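A.B. asks: Sharing coords-v7.cif, mmCIF, C-alpha atoms:
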```cif
data_protein
loop_
_atom_site.label_atom_id
_atom_site.label_comp_id
_atom_site.auth_asym_id
_atom_site.auth_seq_id
_atom_site.Cartn_x
_atom_site.Cartn_y
_atom_site.Cartn_z
CA MET U 1 0.00 0.00 0.00
CA SER U 2 2.63 2.49 1.11
CA SER U 3 4.74 1.89 -1.99
CA THR U 4 1.70 2.58 -4.20
CA ILE U 5 1.16 5.87 -2.37
CA LYS U 6 4.83 6.73 -2.70
CA TYR U 7 4.68 5.93 -6.39
CA SER U 8 1.58 8.06 -6.87
CA VAL U 9 3.18 10.96 -5.02
CA VAL U 10 6.22 10.78 -7.31
CA ILE U 11 3.98 10.82 -10.40
CA VAL U 12 1.91 13.74 -9.09
CA LEU U 13 5.08 15.67 -8.24
CA PHE U 14 6.48 14.96 -11.68
CA LEU U 15 3.30 16.13 -13.41
CA ALA U 16 3.21 19.25 -11.23
CA LEU U 17 6.80 20.00 -12.23
CA VAL U 18 6.07 19.57 -15.94
CA PHE U 19 2.95 21.73 -15.66
CA GLY U 20 4.78 24.37 -13.66
CA TYR U 21 7.65 24.46 -16.13
CA SER U 22 5.31 24.92 -19.08
CA ILE U 23 3.57 27.83 -17.30
CA TYR U 24 6.95 29.37 -16.44
CA ASN U 25 8.15 28.92 -20.00
CA GLN U 26 5.05 30.58 -21.39
CA SER U 27 5.27 33.63 -19.14
CA ALA U 28 8.98 33.89 -19.91
CA THR U 29 8.56 33.86 -23.70
CA SER U 30 5.37 35.86 -24.17
CA PRO U 31 6.80 39.33 -23.34
CA SER U 32 9.58 38.72 -25.87
CA GLN U 33 6.89 38.05 -28.49
CA LEU U 34 5.11 41.38 -27.91
CA PHE U 35 4.95 43.78 -30.83
CA HIS U 36 6.06 47.35 -30.27
CA SER U 37 7.38 50.22 -32.35
CA GLU U 38 10.37 52.57 -32.20
CA VAL U 39 10.97 55.82 -34.05
CA VAL U 40 14.31 55.93 -35.88
CA ASP U 41 16.14 59.26 -36.17
CA LEU U 42 17.63 59.45 -39.69
CA ASN U 43 19.22 62.90 -39.20
CA ASP U 44 17.33 64.54 -42.07
CA GLY U 45 14.01 62.97 -41.11
CA TYR U 46 12.43 60.08 -39.27
CA GLY U 47 11.52 56.49 -39.87
CA TYR U 48 10.26 53.71 -37.65
CA GLN U 49 10.71 50.05 -36.93
CA ILE U 50 8.18 47.49 -35.77
CA MET U 51 9.75 45.08 -33.29
CA ARG U 52 8.73 41.72 -31.92
CA GLY U 53 10.61 41.54 -28.64
CA GLU U 54 14.19 42.44 -29.56
CA LYS U 55 13.79 41.53 -33.20
CA VAL U 56 13.12 44.05 -35.99
CA ILE U 57 10.39 42.72 -38.29
CA ILE U 58 9.60 45.86 -40.30
CA LEU U 59 12.16 48.63 -40.88
CA GLN U 60 10.67 51.68 -42.55
CA GLU U 61 13.23 54.30 -43.51
CA TYR U 62 10.85 55.90 -46.00
CA ILE U 63 7.12 56.53 -45.88
CA PRO U 64 5.45 53.25 -46.86
CA GLY U 65 3.75 53.23 -50.26
CA LEU U 66 5.16 56.57 -51.44
CA SER U 67 7.44 56.79 -54.43
CA GLY U 68 11.05 57.75 -53.80
CA LYS U 69 12.85 58.14 -50.49
CA GLN U 70 10.54 60.39 -48.55
CA LYS U 71 11.20 60.42 -44.81
CA PHE U 72 8.79 61.51 -42.13
CA GLU U 73 9.34 65.19 -41.41
CA THR U 74 8.54 64.93 -37.70
CA GLU U 75 8.99 62.34 -35.00
CA GLU U 76 5.28 62.59 -34.27
CA GLN U 77 4.33 61.63 -37.86
CA ALA U 78 6.60 58.58 -37.75
CA LEU U 79 5.21 57.61 -34.35
CA LYS U 80 1.53 57.82 -35.29
CA THR U 81 2.15 55.92 -38.56
CA ALA U 82 4.01 53.20 -36.66
CA SER U 83 1.16 53.04 -34.14
CA LEU U 84 -1.36 52.49 -36.93
CA VAL U 85 0.74 49.67 -38.44
CA LEU U 86 1.13 48.18 -34.97
CA SER U 87 -2.62 48.26 -34.34
CA LYS U 88 -3.21 46.52 -37.69
CA ILE U 89 -0.79 43.75 -36.72
CA GLU U 90 -2.37 43.40 -33.28
CA ASP U 91 -5.82 43.15 -34.91
CA GLY U 92 -4.56 40.35 -37.15
CA GLU U 93 -4.74 42.54 -40.25
CA SER U 94 -2.17 43.10 -42.95
CA PRO U 95 0.56 45.58 -41.89
CA MET U 96 0.30 47.26 -45.28
CA LEU U 97 -0.31 51.00 -45.18
CA LEU U 98 -2.79 52.21 -47.80
CA PRO U 99 -2.79 55.64 -49.49
CA SER U 100 -6.06 56.32 -47.62
CA ASP U 101 -4.27 55.64 -44.30
CA LEU U 102 -1.67 58.27 -45.16
CA VAL U 103 -4.39 60.80 -46.02
CA GLU U 104 -6.11 60.09 -42.71
CA LEU U 105 -2.80 60.54 -40.86
CA ASN U 106 -2.24 63.84 -42.69
CA ILE U 107 1.03 62.56 -44.10
CA SER U 108 0.18 62.85 -47.79
CA THR U 109 1.26 66.53 -47.64
CA VAL U 110 4.92 65.48 -47.52
CA VAL U 111 4.84 64.56 -51.24
CA ASP U 112 6.96 66.35 -53.87
CA HIS U 113 10.54 66.41 -52.74
CA MET J 1 -3.19 -4.34 -3.42
CA ASN J 2 -0.72 -5.97 -5.75
CA LYS J 3 -3.28 -5.90 -8.50
CA ARG J 4 -3.82 -2.19 -8.00
CA LYS J 5 -0.08 -1.55 -8.05
CA SER J 6 0.42 -3.42 -11.31
CA TYR J 7 -2.51 -1.47 -12.78
CA VAL J 8 -0.75 1.82 -11.97
CA TYR J 9 2.48 0.54 -13.52
CA LYS J 10 0.61 -0.55 -16.63
CA ILE J 11 -1.06 2.85 -17.12
CA THR J 12 2.23 4.65 -16.63
CA GLY J 13 3.95 2.27 -19.02
CA ILE J 14 1.39 2.82 -21.73
CA ALA J 15 1.59 6.59 -21.27
CA LEU J 16 5.38 6.53 -21.53
CA LEU J 17 5.23 4.32 -24.60
CA ALA J 18 2.74 6.70 -26.22
CA MET J 19 5.10 9.62 -25.53
CA VAL J 20 8.03 7.79 -27.06
CA ILE J 21 6.04 6.78 -30.14
CA THR J 22 4.72 10.28 -30.83
CA SER J 23 8.11 11.88 -30.34
CA CYS J 24 9.66 9.47 -32.83
CA SER J 25 6.93 9.68 -35.43
CA SER J 26 8.58 12.58 -37.28
CA ASP J 27 11.50 10.34 -38.19
CA ASP J 28 9.24 7.89 -39.96
CA ASP J 29 8.46 10.18 -42.89
CA GLY J 30 12.05 11.43 -43.21
CA ASP J 31 12.79 9.48 -46.38
CA ASP J 32 13.11 12.61 -48.50
CA LEU J 33 15.85 15.17 -47.84
CA GLY J 34 15.00 18.81 -47.26
CA ASN J 35 14.13 20.94 -44.27
CA TRP J 36 11.75 23.87 -43.85
CA VAL J 37 12.20 26.64 -41.27
CA ASP J 38 9.32 28.98 -40.44
CA LYS J 39 10.21 32.67 -41.04
CA SER J 40 6.68 34.06 -40.80
CA VAL J 41 6.09 37.57 -39.61
CA PHE J 42 3.23 38.42 -41.90
CA ASP J 43 0.47 36.79 -39.91
CA GLY J 44 -2.65 38.52 -41.09
CA SER J 45 -1.30 39.54 -44.47
CA PRO J 46 -2.55 36.75 -46.69
CA ARG J 47 -2.22 37.10 -50.41
CA SER J 48 -1.82 34.83 -53.40
CA SER J 49 -0.57 35.19 -56.97
CA MET J 50 1.99 37.83 -56.01
CA SER J 51 4.82 38.82 -58.31
CA GLY J 52 8.38 39.71 -57.55
CA PHE J 53 12.08 39.39 -58.15
CA THR J 54 15.28 39.15 -56.11
CA ILE J 55 18.02 41.74 -56.44
CA ASP J 56 21.23 41.34 -54.42
CA ASN J 57 20.11 40.17 -50.98
CA VAL J 58 16.60 41.56 -51.09
CA GLY J 59 13.44 39.77 -52.19
CA TYR J 60 10.92 42.21 -53.69
CA MET J 61 7.30 41.18 -54.00
CA GLY J 62 3.92 42.74 -54.28
CA VAL J 63 0.53 43.01 -55.94
CA GLY J 64 -1.62 39.86 -55.60
CA TYR J 65 -5.09 39.04 -54.30
CA ASP J 66 -6.20 38.50 -50.69
CA GLY J 67 -9.62 36.98 -51.35
CA ASP J 68 -11.40 40.36 -51.22
CA ASP J 69 -9.18 42.88 -52.95
CA TYR J 70 -6.59 43.09 -55.68
CA LEU J 71 -3.52 44.64 -54.10
CA ALA J 72 -0.99 47.29 -55.15
CA SER J 73 1.31 47.35 -52.14
CA PHE J 74 4.89 46.24 -52.67
CA TRP J 75 7.34 44.87 -50.13
CA ALA J 76 11.04 44.15 -49.75
CA TYR J 77 12.40 41.34 -47.58
CA ASP J 78 16.03 41.81 -46.48
CA ILE J 79 17.39 38.26 -46.49
CA GLU J 80 20.44 39.00 -44.27
CA GLY J 81 18.61 41.26 -41.80
CA ASP J 82 15.43 39.10 -41.81
CA TYR J 83 13.10 42.13 -41.86
CA TRP J 84 10.57 43.72 -44.23
CA SER J 85 9.99 47.23 -45.61
CA GLN J 86 6.94 48.49 -47.47
CA LYS J 87 8.18 50.15 -50.66
CA ALA J 88 6.55 52.43 -53.25
CA ASP J 89 3.11 51.17 -54.30
CA PHE J 90 2.87 49.47 -57.68
CA PRO J 91 1.65 52.30 -59.97
CA GLY J 92 -0.58 50.27 -62.31
CA ALA J 93 -4.00 48.81 -61.52
CA ALA J 94 -3.96 46.47 -58.52
CA ARG J 95 -3.72 42.94 -59.93
CA ASN J 96 -2.74 39.33 -59.48
CA ALA J 97 -1.22 36.65 -61.73
CA ALA J 98 1.29 39.16 -63.13
CA VAL J 99 4.88 38.22 -63.98
CA GLY J 100 7.99 39.56 -62.27
CA PHE J 101 11.63 39.27 -63.27
CA GLU J 102 14.98 41.02 -63.04
CA ILE J 103 17.23 42.33 -65.79
CA ASP J 104 20.69 43.57 -64.75
CA GLY J 105 19.66 44.89 -61.34
CA THR J 106 16.32 46.40 -62.37
CA GLY J 107 13.01 44.75 -61.45
CA TYR J 108 10.01 44.38 -63.76
CA ILE J 109 6.35 43.56 -63.07
CA GLY J 110 3.58 43.54 -65.65
CA SER J 111 0.62 41.81 -67.31
CA GLY J 112 -1.82 40.03 -64.96
CA TYR J 113 -5.51 40.32 -64.07
CA ASP J 114 -7.32 43.14 -62.27
CA GLY J 115 -10.56 41.25 -61.57
CA VAL J 116 -12.15 42.30 -64.87
CA ASP J 117 -9.56 42.20 -67.63
CA GLU J 118 -6.27 40.60 -68.57
CA LEU J 119 -3.61 43.31 -68.76
CA THR J 120 -0.75 44.42 -71.00
CA ASP J 121 0.91 47.21 -69.00
CA PHE J 122 4.44 46.81 -67.63
CA TYR J 123 6.57 48.72 -65.13
CA SER J 124 10.21 48.76 -64.08
CA TYR J 125 11.33 49.26 -60.48
CA ASN J 126 14.56 51.02 -59.53
CA THR J 127 15.74 49.66 -56.18
CA ALA J 128 18.16 52.56 -55.57
CA SER J 129 15.53 55.29 -55.91
CA ASN J 130 12.43 53.26 -54.87
CA THR J 131 10.58 54.45 -57.98
CA TRP J 132 8.45 52.79 -60.67
CA THR J 133 8.50 53.74 -64.35
CA GLU J 134 5.97 52.59 -66.93
CA ILE J 135 7.58 50.85 -69.90
CA ALA J 136 6.22 49.66 -73.25
CA PRO J 137 3.19 47.36 -72.83
CA LEU J 138 3.00 43.76 -74.01
CA THR J 139 1.35 43.36 -77.41
CA THR J 140 -1.20 40.86 -76.12
CA ALA J 141 -2.85 41.00 -72.69
CA ARG J 142 -2.49 37.95 -70.52
CA ARG J 143 -2.37 36.58 -67.01
CA SER J 144 -0.72 33.52 -65.48
CA ALA J 145 2.18 33.82 -67.94
CA VAL J 146 5.83 33.02 -67.22
CA GLY J 147 8.48 35.72 -67.18
CA PHE J 148 12.22 35.64 -66.69
CA GLY J 149 15.23 37.83 -67.24
CA ALA J 150 18.25 36.37 -69.03
CA ASN J 151 21.33 37.70 -70.80
CA GLY J 152 20.20 41.33 -70.52
CA PHE J 153 16.68 40.79 -71.88
CA GLY J 154 13.26 40.01 -70.43
CA TYR J 155 11.10 37.18 -71.72
CA VAL J 156 7.35 36.71 -71.24
CA GLY J 157 5.32 33.87 -72.69
CA THR J 158 2.45 31.42 -72.40
CA GLY J 159 -0.48 32.43 -70.13
CA TYR J 160 -4.19 33.05 -70.63
CA ASP J 161 -5.55 36.00 -72.64
CA GLY J 162 -9.16 35.88 -71.39
CA GLU J 163 -10.31 33.51 -74.14
CA ASN J 164 -7.44 31.17 -74.88
CA ASP J 165 -4.30 29.75 -73.39
CA ARG J 166 -1.21 30.91 -75.24
CA LYS J 167 2.16 29.61 -76.39
CA ASP J 168 3.74 32.77 -77.82
CA PHE J 169 6.85 34.35 -76.30
CA TRP J 170 7.93 37.99 -76.30
CA LYS J 171 11.35 39.48 -75.69
CA TYR J 172 11.83 42.84 -73.98
CA ASN J 173 14.88 44.94 -74.79
CA PRO J 174 15.46 47.54 -72.04
CA ALA J 175 17.93 49.43 -74.29
CA ASN J 176 15.19 50.60 -76.68
CA ASP J 177 12.10 49.82 -74.53
CA SER J 178 10.52 47.47 -77.05
CA TRP J 179 8.99 44.00 -77.28
CA THR J 180 9.60 41.66 -80.20
CA GLU J 181 8.12 38.22 -80.74
CA LEU J 182 10.42 35.30 -80.04
CA VAL J 183 9.60 32.30 -82.20
CA GLY J 184 10.65 28.73 -81.61
CA PHE J 185 8.95 27.54 -78.41
CA GLY J 186 7.87 24.03 -79.35
CA GLY J 187 5.67 23.34 -76.35
CA ASN J 188 1.90 23.51 -76.16
CA LYS J 189 -0.13 26.51 -75.11
CA ARG J 190 -0.64 26.67 -71.38
CA ARG J 191 -1.23 28.85 -68.34
CA SER J 192 0.29 28.87 -64.84
CA ALA J 193 3.58 27.23 -65.85
CA THR J 194 6.88 27.57 -63.97
CA THR J 195 10.51 28.36 -64.77
CA PHE J 196 13.84 28.27 -63.01
CA THR J 197 17.32 29.28 -64.16
CA ILE J 198 20.49 27.22 -63.61
CA ASP J 199 23.85 28.50 -64.88
CA GLY J 200 22.18 30.88 -67.33
CA LEU J 201 19.87 28.23 -68.82
CA VAL J 202 16.13 28.66 -68.28
CA TYR J 203 14.03 25.54 -67.66
CA LEU J 204 10.28 25.66 -68.30
CA GLY J 205 7.62 23.12 -67.39
CA THR J 206 4.30 22.33 -65.75
CA GLY J 207 1.16 24.39 -66.36
CA VAL J 208 -2.34 23.45 -67.46
CA SER J 209 -4.53 23.83 -70.55
CA ASN J 210 -8.14 22.68 -70.97
CA GLY J 211 -7.88 20.73 -67.75
CA VAL J 212 -4.78 18.81 -68.86
CA TYR J 213 -1.61 19.16 -66.77
CA LEU J 214 1.25 19.30 -69.26
CA ASP J 215 4.11 16.83 -69.03
CA ASP J 216 6.65 18.38 -71.42
CA PHE J 217 9.81 20.02 -70.11
CA TRP J 218 12.03 22.50 -71.95
CA VAL J 219 15.30 24.34 -71.64
CA PHE J 220 15.94 27.76 -73.19
CA ASP J 221 19.46 28.90 -74.01
CA PRO J 222 19.38 32.73 -74.02
CA THR J 223 22.67 33.04 -75.92
CA THR J 224 21.26 31.21 -78.96
CA GLU J 225 17.58 31.87 -78.09
CA SER J 226 16.79 28.24 -78.81
CA TRP J 227 14.50 25.80 -77.01
CA THR J 228 15.44 22.16 -76.46
CA LYS J 229 13.08 19.45 -75.22
CA LYS J 230 14.13 17.53 -72.10
CA LEU J 231 12.73 14.28 -70.70
CA ASP J 232 9.01 14.43 -69.89
CA LEU J 233 7.86 15.18 -66.35
CA ASP J 234 6.26 11.73 -66.25
CA GLU J 235 9.27 9.91 -67.75
CA GLU J 236 9.59 7.67 -64.66
CA ASP J 237 6.56 5.94 -63.16
CA ASP J 238 7.18 7.42 -59.70
CA TYR J 239 7.44 11.02 -60.92
CA ALA J 240 4.62 13.34 -59.82
CA VAL J 241 5.99 16.65 -61.03
CA GLN J 242 3.07 17.67 -63.28
CA ARG J 243 0.94 20.47 -61.80
CA SER J 244 0.02 24.12 -62.34
CA ASN J 245 0.36 27.30 -60.24
CA ALA J 246 3.61 26.02 -58.73
CA VAL J 247 6.73 27.97 -57.81
CA GLY J 248 10.10 27.32 -59.45
CA PHE J 249 13.53 28.26 -58.18
CA ALA J 250 17.17 27.17 -58.38
CA LEU J 251 19.66 26.58 -55.61
CA ASN J 252 23.26 25.31 -55.76
CA GLY J 253 22.98 23.92 -59.27
CA TYR J 254 19.62 22.19 -58.83
CA GLY J 255 16.16 23.31 -59.94
CA TYR J 256 13.00 22.96 -57.87
CA ILE J 257 9.29 22.87 -58.55
CA ALA J 258 7.24 23.20 -55.38
CA THR J 259 3.63 23.49 -54.23
CA GLY J 260 0.91 24.20 -56.80
CA GLU J 261 -2.37 22.79 -57.99
CA LEU J 262 -3.29 19.33 -59.20
CA GLY J 263 -7.02 18.89 -58.77
CA GLY J 264 -6.49 20.75 -55.47
CA ALA J 265 -3.61 22.45 -53.73
CA THR J 266 -0.43 20.41 -53.21
CA ASN J 267 2.70 20.87 -51.09
CA THR J 268 5.03 18.38 -52.78
CA VAL J 269 8.53 19.43 -53.88
CA TRP J 270 10.67 17.97 -56.70
CA GLU J 271 14.36 18.57 -57.37
CA TYR J 272 15.76 18.61 -60.91
CA ASP J 273 19.33 17.60 -61.69
CA PRO J 274 20.31 19.27 -65.00
CA VAL J 275 23.28 16.88 -65.44
CA SER J 276 21.24 13.68 -65.38
CA ASP J 277 17.90 15.23 -66.53
CA GLU J 278 16.24 13.43 -63.60
CA TRP J 279 13.83 14.39 -60.82
CA GLU J 280 13.88 13.45 -57.15
CA GLN J 281 11.22 14.12 -54.54
CA LYS J 282 12.15 16.27 -51.52
CA THR J 283 10.50 16.87 -48.17
CA SER J 284 7.11 18.43 -48.83
CA PHE J 285 6.49 22.06 -47.94
CA GLU J 286 5.94 22.19 -44.17
CA GLY J 287 3.07 24.68 -44.12
CA ALA J 288 -0.44 24.13 -45.47
CA THR J 289 -0.77 22.77 -49.00
CA ARG J 290 -0.99 25.71 -51.37
CA GLN J 291 -1.02 27.09 -54.89
CA ASP J 292 -0.10 30.53 -56.27
CA ALA J 293 2.65 30.89 -53.67
CA ILE J 294 5.78 32.98 -54.20
CA ALA J 295 9.42 31.91 -54.01
CA PHE J 296 12.46 34.15 -53.97
CA SER J 297 16.11 33.24 -53.87
CA ASN J 298 19.46 35.03 -53.82
CA GLY J 299 21.16 31.94 -55.24
CA SER J 300 22.23 30.52 -51.88
CA ARG J 301 19.03 30.84 -49.82
CA VAL J 302 15.41 30.40 -50.84
CA PHE J 303 12.11 31.39 -49.25
CA ILE J 304 8.62 30.18 -50.11
CA GLY J 305 5.31 31.35 -48.76
CA MET J 306 2.00 33.12 -49.12
CA GLY J 307 -0.45 31.62 -51.66
CA ARG J 308 -3.81 29.99 -51.05
CA THR J 309 -5.49 26.68 -50.47
CA GLY J 310 -9.02 26.72 -51.87
CA THR J 311 -10.47 30.03 -50.71
CA LEU J 312 -8.19 30.28 -47.67
CA TYR J 313 -5.45 32.82 -48.31
CA LEU J 314 -2.14 32.17 -46.58
CA ASP J 315 0.30 34.51 -44.86
CA ASP J 316 3.32 32.44 -43.84
CA LEU J 317 6.85 32.20 -45.18
CA ASP J 318 9.38 29.37 -44.85
CA GLU J 319 13.06 29.06 -45.69
CA PHE J 320 13.92 25.84 -47.55
CA PHE J 321 17.12 23.85 -46.95
CA PRO J 322 16.95 21.15 -49.64
CA GLN J 323 19.99 19.14 -48.48
CA ASP J 324 19.19 19.07 -44.74
CA GLU J 325 17.40 16.38 -42.76
CA TYR J 326 13.83 17.27 -41.91
CA GLU J 327 13.23 18.76 -38.43
CA GLU J 328 9.68 19.23 -37.29
CA GLU J 329 10.39 21.71 -34.52
CA ASP J 330 11.79 24.72 -36.43
#
```
Now, as a test, write the supplied structure out as structure tokens.
C.D. replies:
Amino acid sequence: MSSTIKYSVVIVLFLALVFGYSIYNQSATSPSQLFHSEVVDLNDGYGYQIMRGEKVIILQEYIPGLSGKQKFETEEQALKTASLVLSKIEDGESPMLLPSDLVELNISTVVDH
Amino acid sequence: MNKRKSYVYKITGIALLAMVITSCSSDDDGDDLGNWVDKSVFDGSPRSSMSGFTIDNVGYMGVGYDGDDYLASFWAYDIEGDYWSQKADFPGAARNAAVGFEIDGTGYIGSGYDGVDELTDFYSYNTASNTWTEIAPLTTARRSAVGFGANGFGYVGTGYDGENDRKDFWKYNPANDSWTELVGFGGNKRRSATTFTIDGLVYLGTGVSNGVYLDDFWVFDPTTESWTKKLDLDEEDDYAVQRSNAVGFALNGYGYIATGELGGATNTVWEYDPVSDEWEQKTSFEGATRQDAIAFSNGSRVFIGMGRTGTLYLDDLDEFFPQDEYEEED
């Protein structure tokens, strides 16, 4: 009888350990999978990058969709554009920025350099 | 008491055995060489029938169809840095089933389908300035054609013009911005065929016409502009290379035809050895079965992804290592 109990206790402990480890593992990896954005100072303008943890997944040195190498004129413009892209990713949508998005963000005025 | 004890042992034993069996199961289907590593970041950006080209270490791709809309956005994937940038929008009508190719460091995308009509218009993309320029249009509108750059010229042929499948080929000369017809392709008319280029020679095969998946296979020598027939894609009984809407690419002297459609989406991969003119099956694409995917390669690394299976549009991307053993967990 006592050996059966001992055996059961070992199994329960083992399962608890495995379960605990998987919980620990999950909470340890999920912050590193979080999406966030950073504005990049390019000296004569601004860009942004979308990060997943420490990893860059989108680097945008020029305004997405626009022809040529047009940088954001202000940090605020880069930041609000990055925030829109980020919200699209978080909503499970395509990270592509449409011309209508740029109009809504008042960024279309930068054209013609 | 003893009975109960042996019962506990038995249960534990069966559970352990089950764990061992499941953890070993991935080795059982490891007969074919080739490994796939997930590089997805585009969750939520599904699109099929994209077009693109690779220049230096950057894969450029854009346009396509996401199940609701024809798309004009255009992206660059930095192979070394493993990140994306959204580039200048494609200036023509949003479309899918266009062709894309590279000539001497300049990218080209044109033809295709905008949801209403097959198209003729063509554009070049300058990677240094991130700008598009419209070039001379194709003489005949088409979608699902093949296109490739070779020896300083662009070539576009086969496809579907809205009424018929086609077998004609056209040659683009960037020096005088003109298209001239290239005669001599001996294969049948077809749409949704595939090419890959090994050591300057362009191999063309697969595709479909009137419900028949074509089995002929050709090589084009750009220096003489001549086509030569190779062994059929069903030359050996165990070959299953025939399909349409596949992707083709070359890596380390071998050619590959992967994914596609054959009465439904498929994820099988075949490797072509140009020396022996023979095909060998590789590890199937790890993601969902798919057609109308895109592949891009810088010559030493290759990536395959996007596409669709039925009406489900896919958003993942995998790197393919054709000579590695298959690993499930990467």
A.B. asks: Mind dumping a table of every chain U residue within 7 Å of chain J, with the nearest atom pair and its distance in Å to one decimal, using all atoms listed in the file, sorted by chain and rising number, as JSON lines?
C.D. replies:
```
{"residue": "U:Met1", "atom": "CA", "partner": "J:Met1", "partner_atom": "CA", "distance": 6.4}
{"residue": "U:Thr4", "atom": "CA", "partner": "J:Lys5", "partner_atom": "CA", "distance": 5.9}
{"residue": "U:Val56", "atom": "CA", "partner": "J:Tyr83", "partner_atom": "CA", "distance": 6.2}
{"residue": "U:Ile57", "atom": "CA", "partner": "J:Tyr83", "partner_atom": "CA", "distance": 4.5}
{"residue": "U:Ile58", "atom": "CA", "partner": "J:Trp84", "partner_atom": "CA", "distance": 4.6}
{"residue": "U:Leu59", "atom": "CA", "partner": "J:Ser85", "partner_atom": "CA", "distance": 5.4}
{"residue": "U:Gln60", "atom": "CA", "partner": "J:Ser85", "partner_atom": "CA", "distance": 5.4}
{"residue": "U:Pro64", "atom": "CA", "partner": "J:Gln86", "partner_atom": "CA", "distance": 5.0}
{"residue": "U:Gly65", "atom": "CA", "partner": "J:Ala88", "partner_atom": "CA", "distance": 4.2}
{"residue": "U:Leu66", "atom": "CA", "partner": "J:Ala88", "partner_atom": "CA", "distance": 4.7}
{"residue": "U:Ser67", "atom": "CA", "partner": "J:Ala88", "partner_atom": "CA", "distance": 4.6}
{"residue": "U:Gly68", "atom": "CA", "partner": "J:Asn130", "partner_atom": "CA", "distance": 4.8}
{"residue": "U:Lys69", "atom": "CA", "partner": "J:Asn130", "partner_atom": "CA", "distance": 6.6}
{"residue": "U:Gly92", "atom": "CA", "partner": "J:Gly44", "partner_atom": "CA", "distance": 4.7}
{"residue": "U:Glu93", "atom": "CA", "partner": "J:Gly44", "partner_atom": "CA", "distance": 4.6}
{"residue": "U:Ser94", "atom": "CA", "partner": "J:Ser45", "partner_atom": "CA", "distance": 4.0}
{"residue": "U:Pro95", "atom": "CA", "partner": "J:Ser45", "partner_atom": "CA", "distance": 6.8}
{"residue": "U:Met96", "atom": "CA", "partner": "J:Ser73", "partner_atom": "CA", "distance": 6.9}
```
A.B. asks: Between atom CA of Tyr203 of chain J and atom CA of Gly147 of chain J, measure the distance and give it in Å to one decimal.
C.D. replies: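 Separating atom CA of Tyr203 of chain J from atom CA of Gly147 of chain J is a distance of 11.6 Å.
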A.B. asks: Carefully work through the PyMOL selection byres ((chain U and resi 71) around 8) for this structure and note down the residues it includes, as a PyMOL selection string.
C.D. replies: chain U and resi 44-47+61-63+69-70+72-73
A.B. asks: Save the residues we just selected, C-alpha atoms, as a PDB file, keeping the file's coordinate frame?
C.D. replies:
```pdb
ATOM      1  CA  ASP U  44      17.330  64.540 -42.070  1.00  0.00           C
ATOM      2  CA  GLY U  45      14.010  62.970 -41.110  1.00  0.00           C
ATOM      3  CA  TYR U  46      12.430  60.080 -39.270  1.00  0.00           C
ATOM      4  CA  GLY U  47      11.520  56.490 -39.870  1.00  0.00           C
ATOM      5  CA  GLU U  61      13.230  54.300 -43.510  1.00  0.00           C
ATOM      6  CA  TYR U  62      10.850  55.900 -46.000  1.00  0.00           C
ATOM      7  CA  ILE U  63       7.120  56.530 -45.880  1.00  0.00           C
ATOM      8  CA  LYS U  69      12.850  58.140 -50.490  1.00  0.00           C
ATOM      9  CA  GLN U  70      10.540  60.390 -48.550  1.00  0.00           C
ATOM     10  CA  PHE U  72       8.790  61.510 -42.130  1.00  0.00           C
ATOM     11  CA  GLU U  73       9.340  65.190 -41.410  1.00  0.00           C
TER      12      GLU U  73
END
```
A.B. asks: The PyMOL selection byres ((chain U and resi 101) around 12) - which residues does that actually catch in the file I just gave you? List them as JSON, numbers by chain.
C.D. replies: {"U": [63, 64, 65, 66, 80, 81, 82, 83, 84, 85, 88, 95, 96, 97, 98, 99, 100, 102, 103, 104, 105, 106, 107, 108]}
A.B. asks: Applied to the shown file, which residues does the PyMOL selection byres ((chain J and resi 152) around 10) return, written as a VMD selection string?
C.D. replies: chain J and resid 102 to 105 149 to 151 153 to 154 172 to 175 222
A.B. asks: In the coordinates of the file, take the point (13.5, 42.8, -62.8) and a cut-off of 8 Å; then, counting only C-alpha atoms, name each qualifying protein, DNA or RNA residue as a list in words.
C.D. replies: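 With a cut-off of 8 Å, the residues come to Gly52, Phe53, Thr54, Ile55, Gly100, Phe101, Glu102, Ile103, Asp104, Gly105, Thr106, Gly107, Tyr108, Ile109, Ser124, Tyr125 and Gly149 of chain J.
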A.B. asks: Just give me the gap between atom CA of Gln242 of chain J and atom CA of Leu119 of chain J in Å, one decimal is fine.
C.D. replies: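 According to the coordinates, atom CA of Gln242 of chain J and atom CA of Leu119 of chain J are separated by 27.1 Å.
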A.B. asks: One decimal, Å: what's the distance from atom CA of Val99 of chain J over to atom CA of Ala193 of chain J, could you say?
C.D. replies: 11.2 Å
A.B. asks: Which residues come within 10 Å of Thr139 of chain J, counting only C-alpha atoms, excluding same-chain residues fewer than 3 positions away, as a PyMOL selection string?
C.D. replies: chain J and resi 119-121+136+142+170+179-181
A.B. asks: Selected residues, C-alpha atoms, written as an mmCIF file, keeping the file's coordinate frame, please.
C.D. replies:
```cif
data_model
loop_
_atom_site.group_PDB
_atom_site.id
_atom_site.type_symbol
_atom_site.label_atom_id
_atom_site.label_comp_id
_atom_site.auth_asym_id
_atom_site.auth_seq_id
_atom_site.Cartn_x
_atom_site.Cartn_y
_atom_site.Cartn_z
ATOM 1 C CA LEU J 119 -3.610 43.310 -68.760
ATOM 2 C CA THR J 120 -0.750 44.420 -71.000
ATOM 3 C CA ASP J 121 0.910 47.210 -69.000
ATOM 4 C CA ALA J 136 6.220 49.660 -73.250
ATOM 5 C CA ARG J 142 -2.490 37.950 -70.520
ATOM 6 C CA TRP J 170 7.930 37.990 -76.300
ATOM 7 C CA TRP J 179 8.990 44.000 -77.280
ATOM 8 C CA THR J 180 9.600 41.660 -80.200
ATOM 9 C CA GLU J 181 8.120 38.220 -80.740
#
```
